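**Q** input_29.txt is reproduced in full below (compact mmCIF, C-alpha atoms (C1' of nucleotides)).
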```txt
# COMPACT_ATOMS: atom_id res chain seq x y z
CA MET V 251 37.94 -5.97 5.26
CA GLY V 252 40.10 -8.73 3.80
CA LEU V 253 40.90 -6.65 0.74
CA THR V 254 44.52 -5.80 -0.02
CA LYS V 255 45.10 -2.16 -1.01
CA SER V 256 47.09 -2.88 -4.17
CA GLU V 257 46.68 0.70 -5.42
CA ILE V 258 49.12 2.14 -2.93
CA PHE V 259 51.99 -0.15 -3.91
CA THR V 260 54.23 -0.29 -6.95
CA ALA V 261 53.68 -2.75 -9.78
CA GLU V 262 56.88 -4.52 -8.78
CA GLN V 263 55.78 -4.92 -5.19
CA ASN V 264 52.44 -6.29 -6.27
CA GLN V 265 53.96 -8.64 -8.81
CA LEU V 266 56.58 -10.03 -6.45
CA SER V 267 54.08 -10.55 -3.66
CA GLN V 268 51.77 -12.32 -6.08
CA LEU V 269 54.50 -14.71 -7.18
CA LEU V 270 55.56 -15.36 -3.61
CA LYS V 271 51.97 -15.95 -2.57
CA ALA V 272 51.52 -18.54 -5.30
CA MET V 273 54.44 -20.50 -3.85
CA ALA V 274 53.59 -19.85 -0.20
CA HIS V 275 51.88 -23.14 0.47
CA PRO V 276 53.53 -26.47 1.29
CA ALA V 277 51.39 -28.33 -1.24
CA ARG V 278 52.39 -25.98 -4.01
CA ILE V 279 56.05 -26.20 -3.01
CA ALA V 280 55.73 -29.98 -3.07
CA ILE V 281 54.14 -29.82 -6.50
CA LEU V 282 56.90 -27.60 -7.85
CA GLN V 283 59.61 -29.80 -6.33
CA ARG V 284 58.02 -32.83 -7.91
CA ILE V 285 58.07 -31.14 -11.31
CA LEU V 286 61.64 -29.92 -10.78
CA ILE V 287 62.96 -33.31 -9.75
CA SER V 288 61.55 -35.19 -12.70
CA ASP V 289 63.18 -32.70 -15.07
CA THR V 290 60.21 -33.16 -17.37
CA CYS V 291 56.47 -32.92 -17.45
CA ILE V 292 54.30 -34.50 -14.80
CA CYS V 293 51.15 -36.17 -15.96
CA GLY V 294 48.68 -37.11 -13.30
CA ASP V 295 51.03 -38.69 -10.74
CA LEU V 296 50.66 -35.74 -8.42
CA VAL V 297 47.31 -36.78 -7.01
CA THR V 298 48.53 -40.22 -6.00
CA GLU V 299 51.81 -38.92 -4.58
CA LEU V 300 50.57 -36.08 -2.41
CA GLY V 301 48.02 -36.90 0.25
CA LEU V 302 45.38 -34.51 -0.99
CA ALA V 303 42.12 -34.95 -2.84
CA GLN V 304 42.06 -34.63 -6.60
CA ALA V 305 39.98 -31.46 -6.47
CA THR V 306 42.45 -29.88 -4.07
CA ILE V 307 45.48 -30.65 -6.23
CA SER V 308 43.68 -29.33 -9.27
CA GLN V 309 42.97 -26.14 -7.39
CA HIS V 310 46.62 -25.69 -6.44
CA LEU V 311 47.73 -26.37 -10.00
CA LYS V 312 45.28 -23.73 -11.17
CA GLU V 313 46.81 -21.18 -8.84
CA LEU V 314 50.33 -21.92 -10.02
CA LYS V 315 49.13 -21.72 -13.60
CA SER V 316 47.26 -18.46 -13.09
CA VAL V 317 50.44 -16.59 -12.15
CA GLY V 318 52.34 -18.31 -14.93
CA ILE V 319 54.79 -20.34 -12.85
CA ILE V 320 53.74 -23.58 -14.52
CA GLN V 321 52.08 -24.43 -17.79
CA GLY V 322 50.02 -27.44 -18.78
CA THR V 323 49.49 -29.13 -22.10
CA ILE V 324 46.91 -31.77 -22.84
CA GLU V 325 48.51 -35.13 -23.51
CA GLY V 326 45.80 -37.52 -24.52
CA VAL V 327 43.52 -38.17 -21.61
CA SER V 328 45.78 -36.55 -19.04
CA VAL V 329 47.49 -33.18 -18.67
CA CYS V 330 51.23 -32.57 -18.42
CA TYR V 331 52.61 -29.80 -16.29
CA CYS V 332 56.02 -28.19 -16.42
CA ILE V 333 57.82 -25.05 -15.32
CA ASN V 334 57.29 -21.92 -17.40
CA PRO V 335 60.91 -20.89 -18.05
CA LYS V 336 60.06 -17.26 -18.58
CA THR V 337 58.28 -16.79 -15.26
CA TRP V 338 60.90 -18.86 -13.44
CA LYS V 339 63.61 -16.55 -14.78
CA LEU V 340 61.59 -13.57 -13.63
CA LEU V 341 61.26 -15.14 -10.21
CA GLU V 342 65.00 -15.68 -9.92
CA THR V 343 65.70 -12.12 -10.97
CA GLN V 344 63.14 -10.46 -8.71
CA ILE V 345 63.67 -12.54 -5.59
CA GLY V 346 67.40 -12.61 -6.17
CA ALA V 347 67.63 -8.83 -6.35
CA PHE V 348 65.38 -8.48 -3.34
CA LEU V 349 67.34 -10.85 -1.14
CA ALA V 350 70.71 -9.59 -2.36
CA SER V 351 69.89 -6.01 -1.41
CA TYR V 352 70.61 -6.84 2.21
CA LYS V 353 74.21 -6.00 2.98
CA GLY V 354 74.58 -7.32 6.47
CA ALA V 355 73.46 -4.45 8.68
CA ALA V 356 75.83 -1.59 9.36
CA ASN V 357 74.87 0.06 12.63
CA CYS V 358 71.91 -1.74 13.97
CA CYS V 359 69.98 -3.06 16.94
CA MET N 350 38.09 -25.67 5.42
CA GLY N 351 40.85 -23.06 5.28
CA LEU N 352 43.16 -25.28 7.28
CA THR N 353 46.42 -26.37 5.69
CA LYS N 354 47.31 -30.03 6.17
CA SER N 355 50.85 -29.41 7.43
CA GLU N 356 51.22 -32.97 8.69
CA ILE N 357 51.56 -34.45 5.24
CA PHE N 358 54.47 -32.23 4.24
CA THR N 359 58.12 -32.15 5.21
CA ALA N 360 59.50 -29.71 7.76
CA GLU N 361 61.43 -28.00 4.98
CA GLN N 362 58.35 -27.55 2.84
CA ASN N 363 56.41 -26.13 5.76
CA GLN N 364 59.23 -23.83 6.80
CA LEU N 365 59.85 -22.47 3.32
CA SER N 366 56.16 -21.87 2.68
CA GLN N 367 55.88 -20.07 5.99
CA LEU N 368 58.75 -17.74 5.15
CA LEU N 369 57.38 -17.10 1.68
CA LYS N 370 53.93 -16.43 3.07
CA ALA N 371 55.30 -13.84 5.48
CA MET N 372 56.75 -11.94 2.52
CA ALA N 373 53.81 -12.56 0.20
CA HIS N 374 52.11 -9.22 0.71
CA PRO N 375 52.93 -5.92 -0.99
CA ALA N 376 52.87 -4.03 2.30
CA ARG N 377 55.34 -6.43 3.88
CA ILE N 378 57.59 -6.26 0.82
CA ALA N 379 57.45 -2.47 1.04
CA ILE N 380 58.33 -2.62 4.73
CA LEU N 381 61.28 -4.91 4.08
CA GLN N 382 62.51 -2.77 1.19
CA ARG N 383 62.31 0.29 3.40
CA ILE N 384 64.42 -1.43 6.04
CA LEU N 385 66.86 -2.72 3.43
CA ILE N 386 67.34 0.66 1.76
CA SER N 387 68.10 2.54 4.94
CA ASP N 388 70.78 0.01 5.81
CA THR N 389 69.92 0.52 9.46
CA CYS N 390 66.99 0.33 11.83
CA ILE N 391 63.68 1.98 11.10
CA CYS N 392 61.96 3.69 13.95
CA GLY N 393 58.39 4.74 13.37
CA ASP N 394 58.73 6.31 9.93
CA LEU N 395 56.96 3.36 8.34
CA VAL N 396 53.47 4.48 9.32
CA THR N 397 53.86 7.91 7.73
CA GLU N 398 55.53 6.55 4.60
CA LEU N 399 53.17 3.75 3.67
CA GLY N 400 49.53 4.62 3.15
CA LEU N 401 48.17 2.29 5.78
CA ALA N 402 46.78 2.81 9.25
CA GLN N 403 49.07 2.46 12.25
CA ALA N 404 47.27 -0.65 13.45
CA THR N 405 47.68 -2.27 10.06
CA ILE N 406 51.42 -1.58 9.87
CA SER N 407 51.86 -2.87 13.38
CA GLN N 408 50.06 -6.05 12.36
CA HIS N 409 52.32 -6.57 9.35
CA LEU N 410 55.42 -5.95 11.46
CA LYS N 411 54.17 -8.53 13.91
CA GLU N 412 53.88 -11.12 11.16
CA LEU N 413 57.37 -10.48 9.89
CA LYS N 414 58.64 -10.67 13.45
CA SER N 415 56.80 -13.89 14.25
CA VAL N 416 58.65 -15.81 11.54
CA GLY N 417 61.92 -14.15 12.52
CA ILE N 418 62.58 -12.16 9.36
CA ILE N 419 62.86 -8.92 11.30
CA GLN N 420 63.61 -8.08 14.90
CA GLY N 421 62.68 -5.04 16.94
CA THR N 422 64.36 -3.37 19.85
CA ILE N 423 62.83 -0.69 22.01
CA GLU N 424 64.59 2.63 21.54
CA GLY N 425 63.15 5.07 23.98
CA VAL N 426 59.55 5.75 23.13
CA SER N 427 59.71 4.12 19.72
CA VAL N 428 60.75 0.75 18.38
CA CYS N 429 63.52 0.08 15.88
CA TYR N 430 63.22 -2.70 13.37
CA CYS N 431 65.91 -4.38 11.35
CA ILE N 432 66.59 -7.53 9.39
CA ASN N 433 67.39 -10.67 11.36
CA PRO N 434 70.62 -11.78 9.65
CA LYS N 435 70.20 -15.41 10.62
CA THR N 436 66.74 -15.79 9.11
CA TRP N 437 67.71 -13.77 6.06
CA LYS N 438 70.61 -16.13 5.44
CA LEU N 439 68.27 -19.07 5.81
CA LEU N 440 65.92 -17.48 3.32
CA GLU N 441 68.70 -17.02 0.78
CA THR N 442 69.82 -20.60 1.19
CA GLN N 443 66.39 -22.19 1.00
CA ILE N 444 64.92 -20.09 -1.79
CA GLY N 445 68.23 -20.11 -3.64
CA ALA N 446 68.43 -23.89 -3.62
CA PHE N 447 64.79 -24.17 -4.58
CA LEU N 448 65.01 -21.81 -7.54
CA ALA N 449 68.37 -23.15 -8.67
CA SER N 450 67.07 -26.69 -8.87
CA TYR N 451 65.42 -25.86 -12.15
CA LYS N 452 67.76 -26.76 -14.98
CA GLY N 453 65.91 -25.44 -17.99
CA ALA N 454 63.60 -28.28 -19.03
CA ALA N 455 64.97 -31.16 -21.01
CA ASN N 456 62.16 -32.77 -22.97
CA CYS N 457 59.03 -30.92 -22.15
CA CYS N 458 55.71 -29.53 -23.29
C1' DA G 675 27.73 -46.44 -28.76
C1' DA G 676 29.00 -47.62 -24.11
C1' DC G 677 32.54 -47.52 -20.83
C1' DA G 678 36.64 -46.01 -18.43
C1' DT G 679 40.13 -42.59 -17.19
C1' DT G 680 41.59 -38.16 -16.08
C1' DA G 681 41.18 -33.42 -14.98
C1' DA G 682 38.36 -29.18 -14.21
C1' DT G 683 34.57 -26.96 -12.05
C1' DC G 684 30.79 -26.18 -8.62
C1' DG G 685 29.08 -25.72 -4.13
C1' DT G 686 29.89 -25.80 0.57
C1' DT G 687 32.18 -25.45 5.08
C1' DA G 688 35.75 -23.92 8.31
C1' DA G 689 39.36 -20.98 9.02
C1' DA G 690 42.70 -17.39 8.02
C1' DT G 691 43.69 -12.72 6.21
C1' DT G 692 43.26 -7.68 5.56
C1' DG G 693 42.23 -3.37 7.27
C1' DC G 694 40.89 -0.13 10.62
C1' DA G 695 38.83 2.45 14.70
C1' DA G 696 39.15 2.34 19.38
C1' DT G 697 41.59 1.35 23.22
C1' DA G 698 45.43 -0.09 26.09
C1' DA G 699 50.30 -0.11 27.21
C1' DT G 700 54.79 2.03 27.54
C1' DA G 701 58.07 5.52 27.92
C1' DT G 702 59.64 10.28 27.74
C1' DA G 703 58.86 15.31 28.78
C1' DA G 704 56.95 19.19 31.23
C1' DT L 64 52.09 13.73 38.49
C1' DT L 65 50.13 14.95 34.23
C1' DA L 66 50.52 15.28 29.47
C1' DT L 67 52.42 13.66 25.10
C1' DA L 68 54.22 10.48 21.69
C1' DT L 69 54.68 5.91 19.94
C1' DT L 70 53.56 1.16 19.43
C1' DA L 71 50.66 -2.96 20.61
C1' DT L 72 46.31 -5.09 21.24
C1' DT L 73 41.38 -5.83 20.78
C1' DG L 74 37.23 -6.32 18.32
C1' DC L 75 34.92 -6.29 14.17
C1' DA L 76 33.39 -6.74 9.06
C1' DA L 77 34.49 -8.06 4.44
C1' DT L 78 37.09 -11.11 1.82
C1' DT L 79 39.97 -14.76 0.64
C1' DT L 80 41.85 -19.37 1.25
C1' DA L 81 42.03 -24.49 1.93
C1' DA L 82 39.94 -28.63 1.44
C1' DC L 83 36.77 -31.91 -0.35
C1' DG L 84 32.57 -34.45 -2.26
C1' DA L 85 29.93 -34.42 -6.23
C1' DT L 86 29.42 -33.39 -10.78
C1' DT L 87 30.76 -32.24 -15.39
C1' DA L 88 33.83 -32.26 -19.53
C1' DA L 89 37.05 -34.32 -22.47
C1' DT L 90 39.49 -37.96 -24.40
C1' DG L 91 40.60 -42.95 -25.16
C1' DT L 92 39.33 -47.73 -25.33
C1' DT L 93 36.45 -51.75 -26.27
```
What would you get if you wrote out this structure as structure tokens?
**A**
Amino acid sequence: MGLTKSEIFTAEQNQLSQLLKAMAHPARIAILQRILISDTCICGDLVTELGLAQATISQHLKELKSVGIIQGTIEGVSVCYCINPKTWKLLETQIGAFLASYKGAANCC
Amino acid sequence: MGLTKSEIFTAEQNQLSQLLKAMAHPARIAILQRILISDTCICGDLVTELGLAQATISQHLKELKSVGIIQGTIEGVSVCYCINPKTWKLLETQIGAFLASYKGAANCC
DNA sequence: AACATTAATCGTTAAATTGCAATAATATAA
DNA sequence: TTATATTATTGCAATTTAACGATTAATGTT
């Protein structure tokens, strides 16, 4: 079928999986790292730095934008991207709580 | 094409994206949460608790197993699943470092 | 106005994902 | 051995994803 049954899961489960999915690609991780490292907006450079076609990068940026992880503002002829602090905070909270809920296996296999 | 160009990315980027991808589905998050909550192995119950077919659950378990996030041991007629502590630790380290590298935007859009 | 630069969108192709019924494999019980 | 319970595997259809060339849209520059 290829169609995820979102109805049977909680809003939190769907939201977290959506955020994780947006980051679950090496190109998108690379893009985020590039933005994180520069500690400011990235305008254009991405296409020349990563070894992917312009259309492909644009597509990845769109996906990151659509879940709100990054935001872009038009800066003259180019577009500047940066982290969306609100969504990033949400990410830290959600993933943090999820990962922290593992208390090193009591009686297990 | 549908084929990720893994060659052009670092081993870390590929590894992290692979781990994230394995968790990037509501059913797999639900499975992990179920294992985490019980604080022990889960044998079988999963199929009755989630609203998905047995074959589908088995498929999701296989994906989580293939990246090493969970491990399963045969317990009589059924199979018990639990978190793989080593991979979970790796997850915490990698994702933690990644998320923490964002220091709230200096001069940005 | 004409040109150049940059990014988004469209259309297409190849491949992976999701979900499930049906079937096979494995192990216990009668 | 035969039956039962549990999980894995196979095969399939619908859908989504990844990538890119070509085109379009928007903004600056000359």
**Q** Let me make sure I understand: among V:Ala347, V:Ala277, V:Leu253, V:Leu311, which one has the smallest atom-to-atom distance to chain N if we use all atoms listed in the file?
**A**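 Smallest distance to chain N is found for V:Ala277.
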**Q** Give the superposed chain V as a PDB file with C-alpha atoms, in the frame of the given file, the fit being least squares on chain N over all ordered C-alpha pairs.
**A**
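Printed below is superposed30.pdb as written:
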```
ATOM      1  CA  MET V 251      37.863 -26.036   5.650  1.00  0.00           C
ATOM      2  CA  GLY V 252      40.521 -23.332   5.443  1.00  0.00           C
ATOM      3  CA  LEU V 253      42.998 -25.453   7.365  1.00  0.00           C
ATOM      4  CA  THR V 254      46.294 -26.383   5.728  1.00  0.00           C
ATOM      5  CA  LYS V 255      47.285 -30.042   6.169  1.00  0.00           C
ATOM      6  CA  SER V 256      50.818 -29.388   7.416  1.00  0.00           C
ATOM      7  CA  GLU V 257      51.194 -32.969   8.674  1.00  0.00           C
ATOM      8  CA  ILE V 258      51.539 -34.438   5.217  1.00  0.00           C
ATOM      9  CA  PHE V 259      54.448 -32.215   4.197  1.00  0.00           C
ATOM     10  CA  THR V 260      58.091 -32.146   5.199  1.00  0.00           C
ATOM     11  CA  ALA V 261      59.462 -29.698   7.747  1.00  0.00           C
ATOM     12  CA  GLU V 262      61.393 -27.986   4.970  1.00  0.00           C
ATOM     13  CA  GLN V 263      58.317 -27.534   2.828  1.00  0.00           C
ATOM     14  CA  ASN V 264      56.391 -26.105   5.735  1.00  0.00           C
ATOM     15  CA  GLN V 265      59.205 -23.807   6.775  1.00  0.00           C
ATOM     16  CA  LEU V 266      59.832 -22.452   3.291  1.00  0.00           C
ATOM     17  CA  SER V 267      56.154 -21.858   2.643  1.00  0.00           C
ATOM     18  CA  GLN V 268      55.874 -20.061   5.962  1.00  0.00           C
ATOM     19  CA  LEU V 269      58.749 -17.737   5.123  1.00  0.00           C
ATOM     20  CA  LEU V 270      57.386 -17.079   1.658  1.00  0.00           C
ATOM     21  CA  LYS V 271      53.936 -16.408   3.059  1.00  0.00           C
ATOM     22  CA  ALA V 272      55.326 -13.831   5.466  1.00  0.00           C
ATOM     23  CA  MET V 273      56.763 -11.920   2.508  1.00  0.00           C
ATOM     24  CA  ALA V 274      53.824 -12.522   0.170  1.00  0.00           C
ATOM     25  CA  HIS V 275      52.136  -9.193   0.681  1.00  0.00           C
ATOM     26  CA  PRO V 276      52.994  -5.891  -1.005  1.00  0.00           C
ATOM     27  CA  ALA V 277      52.918  -4.008   2.295  1.00  0.00           C
ATOM     28  CA  ARG V 278      55.368  -6.401   3.868  1.00  0.00           C
ATOM     29  CA  ILE V 279      57.628  -6.247   0.816  1.00  0.00           C
ATOM     30  CA  ALA V 280      57.494  -2.462   1.038  1.00  0.00           C
ATOM     31  CA  ILE V 281      58.364  -2.617   4.717  1.00  0.00           C
ATOM     32  CA  LEU V 282      61.320  -4.904   4.084  1.00  0.00           C
ATOM     33  CA  GLN V 283      62.554  -2.748   1.199  1.00  0.00           C
ATOM     34  CA  ARG V 284      62.347   0.301   3.405  1.00  0.00           C
ATOM     35  CA  ILE V 285      64.454  -1.417   6.056  1.00  0.00           C
ATOM     36  CA  LEU V 286      66.904  -2.705   3.438  1.00  0.00           C
ATOM     37  CA  ILE V 287      67.375   0.665   1.791  1.00  0.00           C
ATOM     38  CA  SER V 288      68.132   2.550   4.970  1.00  0.00           C
ATOM     39  CA  ASP V 289      70.826   0.008   5.839  1.00  0.00           C
ATOM     40  CA  THR V 290      69.926   0.510   9.480  1.00  0.00           C
ATOM     41  CA  CYS V 291      67.033   0.345  11.858  1.00  0.00           C
ATOM     42  CA  ILE V 292      63.723   1.991  11.109  1.00  0.00           C
ATOM     43  CA  CYS V 293      62.002   3.715  13.959  1.00  0.00           C
ATOM     44  CA  GLY V 294      58.436   4.727  13.392  1.00  0.00           C
ATOM     45  CA  ASP V 295      58.731   6.279   9.917  1.00  0.00           C
ATOM     46  CA  LEU V 296      56.943   3.357   8.342  1.00  0.00           C
ATOM     47  CA  VAL V 297      53.462   4.476   9.300  1.00  0.00           C
ATOM     48  CA  THR V 298      53.867   7.899   7.730  1.00  0.00           C
ATOM     49  CA  GLU V 299      55.538   6.544   4.594  1.00  0.00           C
ATOM     50  CA  LEU V 300      53.161   3.747   3.674  1.00  0.00           C
ATOM     51  CA  GLY V 301      49.530   4.641   3.157  1.00  0.00           C
ATOM     52  CA  LEU V 302      48.174   2.295   5.779  1.00  0.00           C
ATOM     53  CA  ALA V 303      46.767   2.786   9.247  1.00  0.00           C
ATOM     54  CA  GLN V 304      49.040   2.437  12.240  1.00  0.00           C
ATOM     55  CA  ALA V 305      47.259  -0.689  13.444  1.00  0.00           C
ATOM     56  CA  THR V 306      47.681  -2.299  10.040  1.00  0.00           C
ATOM     57  CA  ILE V 307      51.413  -1.609   9.858  1.00  0.00           C
ATOM     58  CA  SER V 308      51.852  -2.916  13.368  1.00  0.00           C
ATOM     59  CA  GLN V 309      50.064  -6.076  12.350  1.00  0.00           C
ATOM     60  CA  HIS V 310      52.334  -6.593   9.348  1.00  0.00           C
ATOM     61  CA  LEU V 311      55.422  -5.964  11.454  1.00  0.00           C
ATOM     62  CA  LYS V 312      54.166  -8.563  13.905  1.00  0.00           C
ATOM     63  CA  GLU V 313      53.873 -11.125  11.144  1.00  0.00           C
ATOM     64  CA  LEU V 314      57.383 -10.466   9.889  1.00  0.00           C
ATOM     65  CA  LYS V 315      58.651 -10.671  13.445  1.00  0.00           C
ATOM     66  CA  SER V 316      56.798 -13.888  14.222  1.00  0.00           C
ATOM     67  CA  VAL V 317      58.675 -15.815  11.527  1.00  0.00           C
ATOM     68  CA  GLY V 318      61.923 -14.157  12.525  1.00  0.00           C
ATOM     69  CA  ILE V 319      62.603 -12.160   9.362  1.00  0.00           C
ATOM     70  CA  ILE V 320      62.880  -8.913  11.304  1.00  0.00           C
ATOM     71  CA  GLN V 321      63.617  -8.056  14.894  1.00  0.00           C
ATOM     72  CA  GLY V 322      62.675  -5.013  16.928  1.00  0.00           C
ATOM     73  CA  THR V 323      64.349  -3.339  19.854  1.00  0.00           C
ATOM     74  CA  ILE V 324      62.836  -0.653  22.015  1.00  0.00           C
ATOM     75  CA  GLU V 325      64.578   2.668  21.530  1.00  0.00           C
ATOM     76  CA  GLY V 326      63.125   5.104  23.986  1.00  0.00           C
ATOM     77  CA  VAL V 327      59.547   5.824  23.106  1.00  0.00           C
ATOM     78  CA  SER V 328      59.698   4.179  19.699  1.00  0.00           C
ATOM     79  CA  VAL V 329      60.741   0.778  18.371  1.00  0.00           C
ATOM     80  CA  CYS V 330      63.511   0.094  15.865  1.00  0.00           C
ATOM     81  CA  TYR V 331      63.219  -2.686  13.355  1.00  0.00           C
ATOM     82  CA  CYS V 332      65.943  -4.366  11.357  1.00  0.00           C
ATOM     83  CA  ILE V 333      66.610  -7.533   9.399  1.00  0.00           C
ATOM     84  CA  ASN V 334      67.415 -10.668  11.380  1.00  0.00           C
ATOM     85  CA  PRO V 335      70.638 -11.777   9.658  1.00  0.00           C
ATOM     86  CA  LYS V 336      70.222 -15.393  10.622  1.00  0.00           C
ATOM     87  CA  THR V 337      66.760 -15.800   9.118  1.00  0.00           C
ATOM     88  CA  TRP V 338      67.736 -13.769   6.055  1.00  0.00           C
ATOM     89  CA  LYS V 339      70.644 -16.145   5.445  1.00  0.00           C
ATOM     90  CA  LEU V 340      68.284 -19.073   5.810  1.00  0.00           C
ATOM     91  CA  LEU V 341      65.942 -17.469   3.318  1.00  0.00           C
ATOM     92  CA  GLU V 342      68.711 -17.003   0.773  1.00  0.00           C
ATOM     93  CA  THR V 343      69.835 -20.585   1.187  1.00  0.00           C
ATOM     94  CA  GLN V 344      66.391 -22.174   1.005  1.00  0.00           C
ATOM     95  CA  ILE V 345      64.921 -20.080  -1.787  1.00  0.00           C
ATOM     96  CA  GLY V 346      68.211 -20.091  -3.639  1.00  0.00           C
ATOM     97  CA  ALA V 347      68.423 -23.876  -3.617  1.00  0.00           C
ATOM     98  CA  PHE V 348      64.787 -24.156  -4.587  1.00  0.00           C
ATOM     99  CA  LEU V 349      65.015 -21.808  -7.543  1.00  0.00           C
ATOM    100  CA  ALA V 350      68.390 -23.147  -8.661  1.00  0.00           C
ATOM    101  CA  SER V 351      67.082 -26.701  -8.878  1.00  0.00           C
ATOM    102  CA  TYR V 352      65.426 -25.857 -12.173  1.00  0.00           C
ATOM    103  CA  LYS V 353      67.759 -26.764 -15.000  1.00  0.00           C
ATOM    104  CA  GLY V 354      65.918 -25.423 -17.978  1.00  0.00           C
ATOM    105  CA  ALA V 355      63.611 -28.252 -19.004  1.00  0.00           C
ATOM    106  CA  ALA V 356      64.991 -31.154 -20.987  1.00  0.00           C
ATOM    107  CA  ASN V 357      62.179 -32.757 -22.951  1.00  0.00           C
ATOM    108  CA  CYS V 358      59.064 -30.886 -22.184  1.00  0.00           C
ATOM    109  CA  CYS V 359      55.738 -29.503 -23.331  1.00  0.00           C
TER     110      CYS V 359
END
```
**Q** Select, as a PyMOL selection string, those residues of chain V with any atom no more than 8 Å from chain N (distances computed using all atoms listed in the file).
**A** chain V and resi 256+258-259+263-264+266-271+273-277+279-280+283+286-287+289-291+300-301+322-323+330-333+335+338+342+346+348-349+351-359
**Q** Would you list which chain V residues are within 6 Å of chain G using all atoms listed in the file, as JSON, numbers by chain?
**A** {"V": [251, 252, 253, 327, 328]}
**Q** Check the smallest atom-to-atom distance from each of N:Leu439, N:Val428, N:Leu395, N:Ile418 to chain L using all atoms listed in the file, then report the winner.
**A**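 Under the stated criterion, the closest residue is N:Val428.
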**Q** Pull out every residue of chain L that has at least one atom within 12 Å of chain N, counting only C-alpha atoms (C1' of nucleotides), and report them as a PyMOL selection string.
**A** chain L and resi 67-73+79-83
**Q** State, in Å with one decimal place, the distance from CA of Val396 (chain N) to C1' of DC75 (chain L).
**A**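 One can read the CA of Val396 (chain N) to C1' of DC75 (chain L) distance as 22.0 Å.
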**Q** Which distance in Å separates CA of Gly318 (chain V) and CA of Thr337 (chain V), to one decimal?
**A** 6.1 Å
**Q** What does the structure give for the distance between CA of Ile419 (chain N) and CA of Ile406 (chain N), in Å to one decimal?
**A**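 Taking CA of Ile419 (chain N) and CA of Ile406 (chain N), their separation equals 13.7 Å.
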**Q** Report, as JSON, the centre and edge lengths in Å (one decimal) of the axis-aligned box enclosing every listed atom of region 682-689 of chain G, padded by 8 Å on each side.
**A**
```
{"center_x": 34.2, "center_y": -25.1, "center_z": -2.6, "size_x": 26.3, "size_y": 24.2, "size_z": 39.2}
```
